[in-house]
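Have a look at coords-v1.pdb below; it lists PDB, C-alpha atoms.
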```
MODEL        1
ATOM      1  CA  MET A 195       0.000   0.000   0.000
ATOM      2  CA  PHE A 196       1.124   3.606  -0.602
ATOM      3  CA  SER A 197       2.050   5.511   2.517
ATOM      4  CA  ARG A 198       0.258   8.745   3.412
ATOM      5  CA  THR A 199       1.596  11.734   1.540
ATOM      6  CA  THR A 200       2.313  15.158   2.933
ATOM      7  CA  ALA A 201      -0.414  17.803   2.925
ATOM      8  CA  ALA A 202       0.941  19.159  -0.342
ATOM      9  CA  ALA A 203       0.730  15.796  -2.049
ATOM     10  CA  SER A 204      -2.325  14.835  -4.067
ATOM     11  CA  ILE A 205      -3.502  11.240  -4.069
ATOM     12  CA  VAL A 206      -5.783  10.248  -6.899
ATOM     13  CA  LEU A 207      -7.654   7.083  -6.092
ATOM     14  CA  LEU A 208      -9.785   4.868  -8.267
ATOM     15  CA  LEU A 209     -11.923   2.222  -6.593
ATOM     16  CA  CYS A 210     -13.611  -0.046  -9.128
ATOM     17  CA  VAL A 211     -16.111  -2.205  -7.254
ATOM     18  CA  ARG A 212     -17.349  -5.230  -9.109
ATOM     19  CA  ALA A 213     -16.052  -3.792 -12.373
ATOM     20  CA  GLY A 214     -17.716  -4.570 -15.672
ATOM     21  CA  ARG A 215     -16.166  -4.765 -19.129
ATOM     22  CA  ALA A 216     -14.776  -1.635 -20.776
ATOM     23  CA  ASP A 217     -17.081  -2.040 -23.742
ATOM     24  CA  HIS A 218     -20.028  -2.060 -21.350
ATOM     25  CA  LEU A 219     -19.434   1.536 -20.277
ATOM     26  CA  HIS A 220     -22.480   3.679 -20.846
ATOM     27  CA  GLY A 221     -23.473   7.334 -20.989
ATOM     28  CA  GLU A 222     -22.986   9.075 -17.674
ATOM     29  CA  GLU A 223     -20.276   6.697 -16.507
ATOM     30  CA  ILE A 224     -18.179   7.430 -19.610
ATOM     31  CA  GLY A 225     -18.479  11.133 -18.858
ATOM     32  CA  ALA A 226     -17.532  10.586 -15.216
ATOM     33  CA  LEU A 227     -14.485   8.529 -16.159
ATOM     34  CA  ASN A 228     -13.415  11.180 -18.632
ATOM     35  CA  ALA A 229     -13.718  13.782 -15.870
ATOM     36  CA  PHE A 230     -11.666  11.544 -13.607
ATOM     37  CA  PHE A 231      -8.932  11.094 -16.209
ATOM     38  CA  ALA A 232      -8.950  14.829 -16.897
ATOM     39  CA  ALA A 233      -8.409  15.552 -13.204
ATOM     40  CA  ILE A 234      -5.419  13.236 -13.197
ATOM     41  CA  ASN A 235      -4.014  14.815 -16.329
ATOM     42  CA  ALA A 236      -4.393  18.304 -14.889
ATOM     43  CA  SER A 237      -2.442  17.479 -11.737
ATOM     44  CA  SER A 238       1.320  17.352 -11.476
ATOM     45  CA  GLU A 239       2.744  13.851 -11.691
ATOM     46  CA  ALA A 240       5.008  14.322  -8.678
ATOM     47  CA  ALA A 241       2.053  15.179  -6.440
ATOM     48  CA  THR A 242      -0.313  12.506  -7.756
ATOM     49  CA  LYS A 243      -0.952   8.925  -6.771
ATOM     50  CA  VAL A 244      -3.563   6.846  -8.588
ATOM     51  CA  VAL A 245      -4.915   3.843  -6.704
ATOM     52  CA  ALA A 246      -7.489   1.415  -8.074
ATOM     53  CA  LEU A 247      -9.463  -1.231  -6.202
ATOM     54  CA  ASP A 248     -11.358  -3.391  -8.677
ATOM     55  CA  ILE A 249     -13.683  -5.480  -6.534
ATOM     56  CA  GLY A 250     -15.479  -8.115  -8.542
ATOM     57  CA  SER A 251     -13.178  -7.779 -11.527
ATOM     58  CA  ASN A 252     -14.721 -10.593 -13.536
ATOM     59  CA  ASP A 253     -12.524 -10.884 -16.647
ATOM     60  CA  GLY A 254     -10.630  -7.686 -15.842
ATOM     61  CA  LYS A 255     -11.429  -5.846 -19.073
ATOM     62  CA  TRP A 256     -12.698  -2.758 -17.297
ATOM     63  CA  SER A 257      -9.505  -2.563 -15.269
ATOM     64  CA  SER A 258      -7.439  -3.069 -18.410
ATOM     65  CA  HIS A 259      -9.264  -0.112 -19.951
ATOM     66  CA  VAL A 260      -8.378   2.082 -16.966
ATOM     67  CA  LEU A 261      -4.761   0.913 -16.864
ATOM     68  CA  ASN A 262      -4.318   1.388 -20.607
ATOM     69  CA  HIS A 263      -5.704   4.909 -20.409
ATOM     70  CA  LEU A 264      -3.415   5.820 -17.526
ATOM     71  CA  THR A 265      -0.453   4.303 -19.361
ATOM     72  CA  GLN A 266      -1.202   6.593 -22.308
ATOM     73  CA  GLN A 267      -1.288   9.513 -19.891
ATOM     74  CA  GLY A 268       2.075   8.430 -18.522
ATOM     75  CA  ARG A 269       0.701   7.997 -14.999
ATOM     76  CA  ARG A 270       1.374   5.206 -12.547
ATOM     77  CA  CYS A 271      -1.400   3.321 -10.769
ATOM     78  CA  ARG A 272      -1.716   0.846  -7.941
ATOM     79  CA  LEU A 273      -4.647  -1.425  -8.736
ATOM     80  CA  VAL A 274      -6.002  -4.274  -6.630
ATOM     81  CA  MET A 275      -8.467  -6.646  -8.293
ATOM     82  CA  PHE A 276     -10.861  -8.686  -6.151
ATOM     83  CA  GLU A 277     -12.614 -11.649  -7.741
ATOM     84  CA  ALA A 278     -14.313 -14.635  -6.095
ATOM     85  CA  GLN A 279     -14.415 -16.852  -9.215
ATOM     86  CA  THR A 280     -11.245 -18.919  -9.213
ATOM     87  CA  THR A 281     -11.573 -19.740 -12.926
ATOM     88  CA  LEU A 282     -10.910 -16.063 -13.740
ATOM     89  CA  LEU A 283      -7.859 -15.548 -11.544
ATOM     90  CA  HIS A 284      -5.326 -16.715 -14.141
ATOM     91  CA  GLN A 285      -6.574 -14.061 -16.561
ATOM     92  CA  LEU A 286      -6.352 -11.391 -13.881
ATOM     93  CA  HIS A 287      -2.797 -12.402 -13.005
ATOM     94  CA  SER A 288      -1.932 -12.084 -16.698
ATOM     95  CA  ILE A 289      -3.260  -8.517 -16.671
ATOM     96  CA  ALA A 290      -1.186  -7.749 -13.593
ATOM     97  CA  LYS A 291       1.957  -9.133 -15.238
ATOM     98  CA  HIS A 292       1.284  -7.281 -18.496
ATOM     99  CA  HIS A 293       1.061  -3.892 -16.769
ATOM    100  CA  ALA A 294       4.135  -4.342 -14.564
ATOM    101  CA  PRO A 295       6.353  -2.557 -13.730
ATOM    102  CA  GLN A 296       4.667   0.759 -14.593
ATOM    103  CA  HIS A 297       1.621  -0.130 -12.528
ATOM    104  CA  SER A 298       1.512  -2.007  -9.244
ATOM    105  CA  VAL A 299      -1.311  -4.515  -9.733
ATOM    106  CA  GLU A 300      -2.399  -7.089  -7.148
ATOM    107  CA  VAL A 301      -4.984  -9.880  -7.494
ATOM    108  CA  VAL A 302      -7.033 -10.993  -4.478
ATOM    109  CA  GLY A 303      -9.159 -14.094  -4.953
ATOM    110  CA  SER A 304     -11.982 -13.029  -2.678
ATOM    111  CA  ALA A 305     -15.474 -11.543  -2.566
ATOM    112  CA  VAL A 306     -16.332  -8.476  -0.458
ATOM    113  CA  TRP A 307     -18.857  -8.287   2.359
ATOM    114  CA  THR A 308     -19.596  -6.669   5.723
ATOM    115  CA  SER A 309     -17.155  -8.931   7.596
ATOM    116  CA  ASP A 310     -14.407 -11.459   7.032
ATOM    117  CA  THR A 311     -16.443 -14.586   6.455
ATOM    118  CA  LYS A 312     -17.474 -17.326   4.046
ATOM    119  CA  LEU A 313     -20.264 -16.764   1.533
ATOM    120  CA  THR A 314     -22.339 -19.084  -0.610
ATOM    121  CA  PHE A 315     -21.633 -18.122  -4.216
ATOM    122  CA  HIS A 316     -23.836 -19.133  -7.145
ATOM    123  CA  LEU A 317     -21.926 -19.700 -10.366
ATOM    124  CA  SER A 318     -23.329 -19.377 -13.866
ATOM    125  CA  LYS A 319     -22.300 -20.087 -17.441
ATOM    126  CA  ASN A 320     -22.198 -16.300 -17.776
ATOM    127  CA  SER A 321     -19.457 -15.256 -15.359
ATOM    128  CA  GLU A 322     -20.914 -11.745 -15.089
ATOM    129  CA  ALA A 323     -24.083 -13.222 -13.554
ATOM    130  CA  ALA A 324     -22.259 -15.138 -10.801
ATOM    131  CA  SER A 325     -23.544 -13.840  -7.488
ATOM    132  CA  ILE A 326     -24.476 -14.488  -3.886
ATOM    133  CA  THR A 327     -28.026 -14.219  -5.253
ATOM    134  CA  PRO A 328     -29.210 -17.369  -7.087
ATOM    135  CA  THR A 329     -31.741 -15.354  -9.111
ATOM    136  CA  LEU A 330     -28.968 -13.559 -10.974
ATOM    137  CA  ALA A 331     -26.967 -16.701 -11.606
ATOM    138  CA  GLN A 332     -30.058 -18.218 -13.226
ATOM    139  CA  THR A 333     -30.591 -15.304 -15.624
ATOM    140  CA  ALA A 334     -27.870 -16.655 -17.900
ATOM    141  CA  GLY A 335     -30.036 -19.705 -18.522
ATOM    142  CA  ALA A 336     -28.027 -22.150 -16.465
ATOM    143  CA  HIS A 337     -27.090 -22.047 -12.787
ATOM    144  CA  THR A 338     -24.085 -24.366 -12.874
ATOM    145  CA  LYS A 339     -23.228 -24.903  -9.207
ATOM    146  CA  THR A 340     -22.957 -23.413  -5.732
ATOM    147  CA  VAL A 341     -19.628 -22.973  -3.957
ATOM    148  CA  SER A 342     -18.352 -21.521  -0.697
ATOM    149  CA  VAL A 343     -16.001 -18.545  -1.144
ATOM    150  CA  ARG A 344     -13.929 -16.389   1.150
ATOM    151  CA  ALA A 345     -15.112 -12.802   1.640
ATOM    152  CA  VAL A 346     -13.285  -9.864   3.161
ATOM    153  CA  ASP A 347     -14.698  -6.893   5.059
ATOM    154  CA  LEU A 348     -14.915  -4.019   2.550
ATOM    155  CA  ALA A 349     -15.048  -1.154   5.075
ATOM    156  CA  PRO A 350     -11.416  -1.135   6.276
ATOM    157  CA  ILE A 351     -10.127  -1.446   2.701
ATOM    158  CA  TRP A 352     -12.443   1.353   1.517
ATOM    159  CA  GLU A 353     -11.365   3.647   4.360
ATOM    160  CA  ARG A 354      -7.662   2.840   4.134
ATOM    161  CA  GLU A 355      -7.535   3.626   0.442
ATOM    162  CA  LEU A 356      -9.961   6.573   0.315
ATOM    163  CA  ARG A 357      -9.347   8.471   3.549
ATOM    164  CA  SER A 358      -6.232  10.277   2.276
ATOM    165  CA  ALA A 359      -7.341  10.522  -1.365
ATOM    166  CA  THR A 360      -8.045  13.851  -3.023
ATOM    167  CA  THR A 361      -9.649  12.471  -6.202
ATOM    168  CA  SER A 362     -11.315   9.071  -6.340
ATOM    169  CA  PHE A 363     -13.645   6.909  -8.402
ATOM    170  CA  VAL A 364     -15.656   4.061  -6.887
ATOM    171  CA  LYS A 365     -17.447   1.656  -9.226
ATOM    172  CA  VAL A 366     -19.911  -0.709  -7.545
ATOM    173  CA  ASP A 367     -21.255  -3.672  -9.500
ATOM    174  CA  VAL A 368     -21.708  -6.436  -6.960
ATOM    175  CA  GLU A 369     -24.775  -8.216  -8.366
ATOM    176  CA  ALA A 370     -27.374  -7.154  -5.751
ATOM    177  CA  ALA A 371     -24.927  -7.081  -2.814
ATOM    178  CA  GLU A 372     -25.012  -3.268  -3.168
ATOM    179  CA  TYR A 373     -28.207  -3.261  -1.100
ATOM    180  CA  VAL A 374     -26.204  -4.650   1.828
ATOM    181  CA  LEU A 375     -22.832  -2.995   1.263
ATOM    182  CA  LEU A 376     -23.954   0.605   0.658
ATOM    183  CA  PRO A 377     -25.961   0.949   3.919
ATOM    184  CA  TYR A 378     -23.081  -0.752   5.732
ATOM    185  CA  LEU A 379     -20.591   1.802   4.383
ATOM    186  CA  LEU A 380     -22.999   4.705   4.902
ATOM    187  CA  ALA A 381     -23.513   3.829   8.570
ATOM    188  CA  ARG A 382     -19.739   4.030   9.030
ATOM    189  CA  GLY A 383     -19.460   7.431   7.390
ATOM    190  CA  LEU A 384     -17.524   6.084   4.430
ATOM    191  CA  LEU A 385     -19.753   6.908   1.439
ATOM    192  CA  CYS A 386     -18.633  10.547   1.543
ATOM    193  CA  LEU A 387     -15.028   9.605   0.772
ATOM    194  CA  PRO A 388     -15.022   9.043  -3.022
ATOM    195  CA  SER A 389     -15.178  11.828  -5.602
ATOM    196  CA  PHE A 390     -17.137   9.668  -8.068
ATOM    197  CA  LEU A 391     -19.433   6.788  -7.119
ATOM    198  CA  SER A 392     -20.897   4.590  -9.873
ATOM    199  CA  VAL A 393     -23.459   2.009  -8.746
ATOM    200  CA  GLU A 394     -24.994  -0.695 -10.910
ATOM    201  CA  TRP A 395     -28.356  -1.614  -9.421
ATOM    202  CA  HIS A 396     -29.977  -5.083  -9.470
ATOM    203  CA  LEU A 397     -33.456  -4.586  -7.997
ATOM    204  CA  ASN A 398     -35.038  -7.550  -9.775
ATOM    205  CA  ALA A 399     -32.659  -9.989  -8.091
ATOM    206  CA  LEU A 400     -34.158  -9.285  -4.673
ATOM    207  CA  ALA A 401     -37.038 -11.123  -3.062
ATOM    208  CA  PRO A 402     -40.305  -9.195  -3.643
ATOM    209  CA  GLU A 403     -40.621  -8.178   0.002
ATOM    210  CA  ARG A 404     -37.204  -6.438  -0.125
ATOM    211  CA  ARG A 405     -37.752  -4.401  -3.301
ATOM    212  CA  LEU A 406     -39.609  -1.387  -1.896
ATOM    213  CA  GLU A 407     -36.926  -0.727   0.702
ATOM    214  CA  ALA A 408     -34.191  -1.198  -1.912
ATOM    215  CA  LEU A 409     -35.906   1.121  -4.405
ATOM    216  CA  SER A 410     -36.215   3.755  -1.691
ATOM    217  CA  MET A 411     -32.472   3.576  -1.043
ATOM    218  CA  ARG A 412     -31.693   3.989  -4.735
ATOM    219  CA  HIS A 413     -33.858   7.129  -4.973
ATOM    220  CA  THR A 414     -32.691   8.762  -1.729
ATOM    221  CA  LEU A 415     -28.958   8.127  -2.078
ATOM    222  CA  ASP A 416     -28.371  11.305  -4.107
ATOM    223  CA  ALA A 417     -29.971  13.508  -1.446
ATOM    224  CA  ILE A 418     -28.140  11.707   1.367
ATOM    225  CA  LEU A 419     -24.752  12.164  -0.276
ATOM    226  CA  GLN A 420     -25.455  15.856  -0.888
ATOM    227  CA  GLN A 421     -24.988  16.268   2.867
ATOM    228  CA  CYS A 422     -21.338  15.218   2.553
ATOM    229  CA  PRO A 423     -18.694  17.945   2.990
ATOM    230  CA  ARG A 424     -17.570  17.124  -0.559
ATOM    231  CA  PRO A 425     -20.502  15.287  -2.174
ATOM    232  CA  PRO A 426     -19.490  12.478  -4.536
ATOM    233  CA  LYS A 427     -20.702  12.575  -8.117
ATOM    234  CA  LEU A 428     -23.199   9.693  -8.115
ATOM    235  CA  ILE A 429     -23.695   7.694 -11.314
ATOM    236  CA  HIS A 430     -26.623   5.255 -11.519
ATOM    237  CA  GLN A 431     -26.190   2.236 -13.781
ATOM    238  CA  GLU A 432     -29.784   1.025 -14.016
ATOM    239  CA  PHE A 433     -30.186  -1.437 -16.865
ATOM    240  CA  PRO A 434     -33.871  -2.273 -17.560
ATOM    241  CA  GLN A 435     -33.415  -6.058 -17.496
ATOM    242  CA  ASN A 436     -32.045  -5.764 -13.941
ATOM    243  CA  ASN A 437     -34.440  -3.175 -12.523
ATOM    244  CA  PHE A 438     -37.756  -2.902 -14.388
ATOM    245  CA  TRP A 439     -40.738  -5.057 -15.409
ATOM    246  CA  VAL A 440     -41.233  -6.849 -12.068
ATOM    247  CA  PRO A 441     -43.657  -5.934  -9.252
ATOM    248  CA  VAL A 442     -42.550  -3.898  -6.231
ATOM    249  CA  PRO A 443     -45.068  -4.877  -3.532
ATOM    250  CA  GLY A 444     -46.357  -1.857  -1.625
ATOM    251  CA  LEU A 445     -45.254   0.727  -4.204
ATOM    252  CA  GLN A 446     -48.716   1.304  -5.679
ATOM    253  CA  GLU A 447     -50.343   1.572  -2.263
ATOM    254  CA  MET A 448     -47.712   4.067  -1.143
ATOM    255  CA  ALA A 449     -48.258   6.184  -4.271
ATOM    256  CA  LEU A 450     -52.039   6.189  -3.684
ATOM    257  CA  ARG A 451     -51.614   7.351  -0.093
ATOM    258  CA  HIS A 452     -49.805  10.424  -1.372
ATOM    259  CA  SER A 453     -52.265  11.131  -4.172
ATOM    260  CA  GLU A 454     -55.022  13.640  -3.476
ATOM    261  CA  SER A 455     -57.112  12.279  -6.328
ATOM    262  CA  SER A 456     -57.316   8.856  -4.698
ATOM    263  CA  ARG A 457     -58.795  10.221  -1.456
ATOM    264  CA  PRO A 458     -62.593  10.358  -1.057
ATOM    265  CA  PRO A 459     -63.640  13.608  -2.825
ATOM    266  CA  ARG A 460     -65.369  15.202   0.174
ATOM    267  CA  CYS A 461     -62.267  14.761   2.384
ATOM    268  CA  GLY A 462     -60.202  17.359   0.552
ATOM    269  CA  ARG A 463     -56.748  18.075   1.910
ATOM    270  CA  GLY A 464     -57.698  18.441   5.547
ATOM    271  CA  ARG A 465     -58.847  15.936   8.116
ATOM    272  CA  ASP A 466     -62.508  14.946   8.232
ATOM    273  CA  ALA A 467     -64.527  13.164  10.873
ATOM    274  CA  ALA A 468     -66.095  10.833   8.333
ATOM    275  CA  PRO A 469     -64.973   7.210   8.794
ATOM    276  CA  ASP A 470     -63.609   6.806   5.303
ATOM    277  CA  CYS A 471     -61.406   9.917   5.663
ATOM    278  CA  LEU A 472     -60.103   8.810   9.051
ATOM    279  CA  ALA A 473     -59.448   5.352   7.655
ATOM    280  CA  TRP A 474     -57.300   6.903   4.945
ATOM    281  CA  ASP A 475     -55.287   8.878   7.494
ATOM    282  CA  GLN A 476     -54.785   5.719   9.526
ATOM    283  CA  ARG A 477     -53.449   3.890   6.435
ATOM    284  CA  VAL A 478     -55.876   1.027   6.096
ATOM    285  CA  PRO A 479     -55.379  -1.135   2.989
ATOM    286  CA  TRP A 480     -56.197   0.589  -0.317
ATOM    287  CA  SER A 481     -58.833  -1.999  -1.131
ATOM    288  CA  SER A 482     -60.934  -0.801   1.828
ATOM    289  CA  ILE A 483     -60.513   2.851   0.842
ATOM    290  CA  HIS A 484     -61.448   2.060  -2.734
ATOM    291  CA  ARG A 485     -64.706   0.419  -1.662
ATOM    292  CA  ASN A 486     -65.628   3.432   0.488
ATOM    293  CA  LYS A 487     -64.777   5.919  -2.258
ATOM    294  CA  THR A 488     -66.890   4.200  -4.910
ATOM    295  CA  ARG A 489     -70.052   4.027  -2.805
TER     296      ARG A 489
ENDMDL
END
```
The structure given in the file should be rewritten as structure tokens.
Amino acid sequence: MFSRTTAAASIVLLLCVRAGRADHLHGEEIGALNAFFAAINASSEAATKVVALDIGSNDGKWSSHVLNHLTQQGRRCRLVMFEAQTTLLHQLHSIAKHHAPQHSVEVVGSAVWTSDTKLTFHLSKNSEAASITPTLAQTAGAHTKTVSVRAVDLAPIWERELRSATTSFVKVDVEAAEYVLLPYLLARGLLCLPSFLSVEWHLNALAPERRLEALSMRHTLDAILQQCPRPPKLIHQEFPQNNFWVPVPGLQEMALRHSESSRPPRCGRGRDAAPDCLAWDQRVPWSSIHRNKTR
């Protein structure tokens, strides 16, 4: 690991969490990466350190893209790739060897979690769908097998690498584990540390009863991070096949509770002593309200 620099030194840090392939970069994330590279290019080389943590590297193509770009800029980078699928580790070691000695690249054969533990990991014919969530592993058409993998606590790594950074990019693509990891990091005051935070969401992989809470987190994260002393630039990777077209139990009822048009007409905006108005205020099921309203 790089040691802490003096106050005059600038550390540029890139954290790539569960990185995808370079040719899978889309829209806002491309712009954010370009802004990140521009910040590196604008800083003096002597005062700059670039650090990358690629957690969930898969085949490593996204990391190769970053390393190649930094090589063209003539900048050095320390990059650590985390990957739980042992069949991909040889390819990641090849990437590390290819980019030495200009870049310091390390491969860790591990998943990330909220503690040092063992996790059940569901493999798939599509390595990008491998996950702790069996639903995702099955989307590739064949859930091949289930294995036990080692996981490391993400928080101390995140803090160690980001705390002294002046410019940073965190990419989170952990196949539905984001709904566990992000609250875990937020509760420890760590989500304010990066300059850029790109999250790929996987709402459809969750059990139906967990989706409303997860959707709420996705839509409040921007406002929460705006309270940071230096708010990260938040990039949402929300591919339709991973986030749309499935029910979110409770969402429709919640929307109706906040809709004036769905309240009994004579209730208006204020409280009313009539039973159907009081029932609305007390949040009885929508089906009961609907029957009262249509009478």
Would you work out the distance separating CA of Leu400 (chain A) from CA of Gln431 (chain A), expressed in Å to one decimal?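 Separation between CA of Leu400 (chain A) and CA of Gln431 (chain A): 16.7 Å.
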Return as a PDB file with C-alpha atoms, in the coordinates of the input the set of residues that the PyMOL selection byres ((chain A and resi 307) around 7) yields on the displayed structure.
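The new file result_1.pdb reads:
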```
ATOM      1  CA  ALA A 305     -15.474 -11.543  -2.566  1.00  0.00           C
ATOM      2  CA  VAL A 306     -16.332  -8.476  -0.458  1.00  0.00           C
ATOM      3  CA  THR A 308     -19.596  -6.669   5.723  1.00  0.00           C
ATOM      4  CA  SER A 309     -17.155  -8.931   7.596  1.00  0.00           C
ATOM      5  CA  ALA A 345     -15.112 -12.802   1.640  1.00  0.00           C
ATOM      6  CA  VAL A 346     -13.285  -9.864   3.161  1.00  0.00           C
ATOM      7  CA  ASP A 347     -14.698  -6.893   5.059  1.00  0.00           C
ATOM      8  CA  LEU A 348     -14.915  -4.019   2.550  1.00  0.00           C
ATOM      9  CA  LEU A 375     -22.832  -2.995   1.263  1.00  0.00           C
TER      10      LEU A 375
END
```
Find the residues near region 220-234 of chain A: any atom within 9 Å, counting all atoms listed in the file, skip ones fewer than 3 places away on the same chain, and give them as a PyMOL selection string. chain A and resi 206+208+217+237-239+242-244+260+263-264+267+269+361-363+389-390+392+427+429-431
Would you mind reading off the distance between CA of Gly303 (chain A) and CA of Glu394 (chain A), one decimal, in Å? 21.6 Å
For each of A:Pro441, A:Pro350, A:Pro295, A:Gly268, take the minimum atom-to-atom distance to Ala401 (chain A), counting all atoms listed in the file, then give the residue where this is smallest.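 Checking each candidate against Ala401 (chain A), we get A:Pro441 as the closest.
Between CA of Glu277 (chain A) and CA of Ala324 (chain A) the interatomic distance comes to 10.7 Å.
Of the listed residues (A:Val299, A:Leu409, A:Cys422, A:Ala359), A:Val299 comes nearest to Leu261 (chain A); the distances count all atoms listed in the file.
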Apply the PyMOL selection byres ((chain A and resi 408) around 10) to the structure shown and report the selected residues as a ChimeraX atom specification. /A:370,372-374,395-397,400,403-407,409-413,442
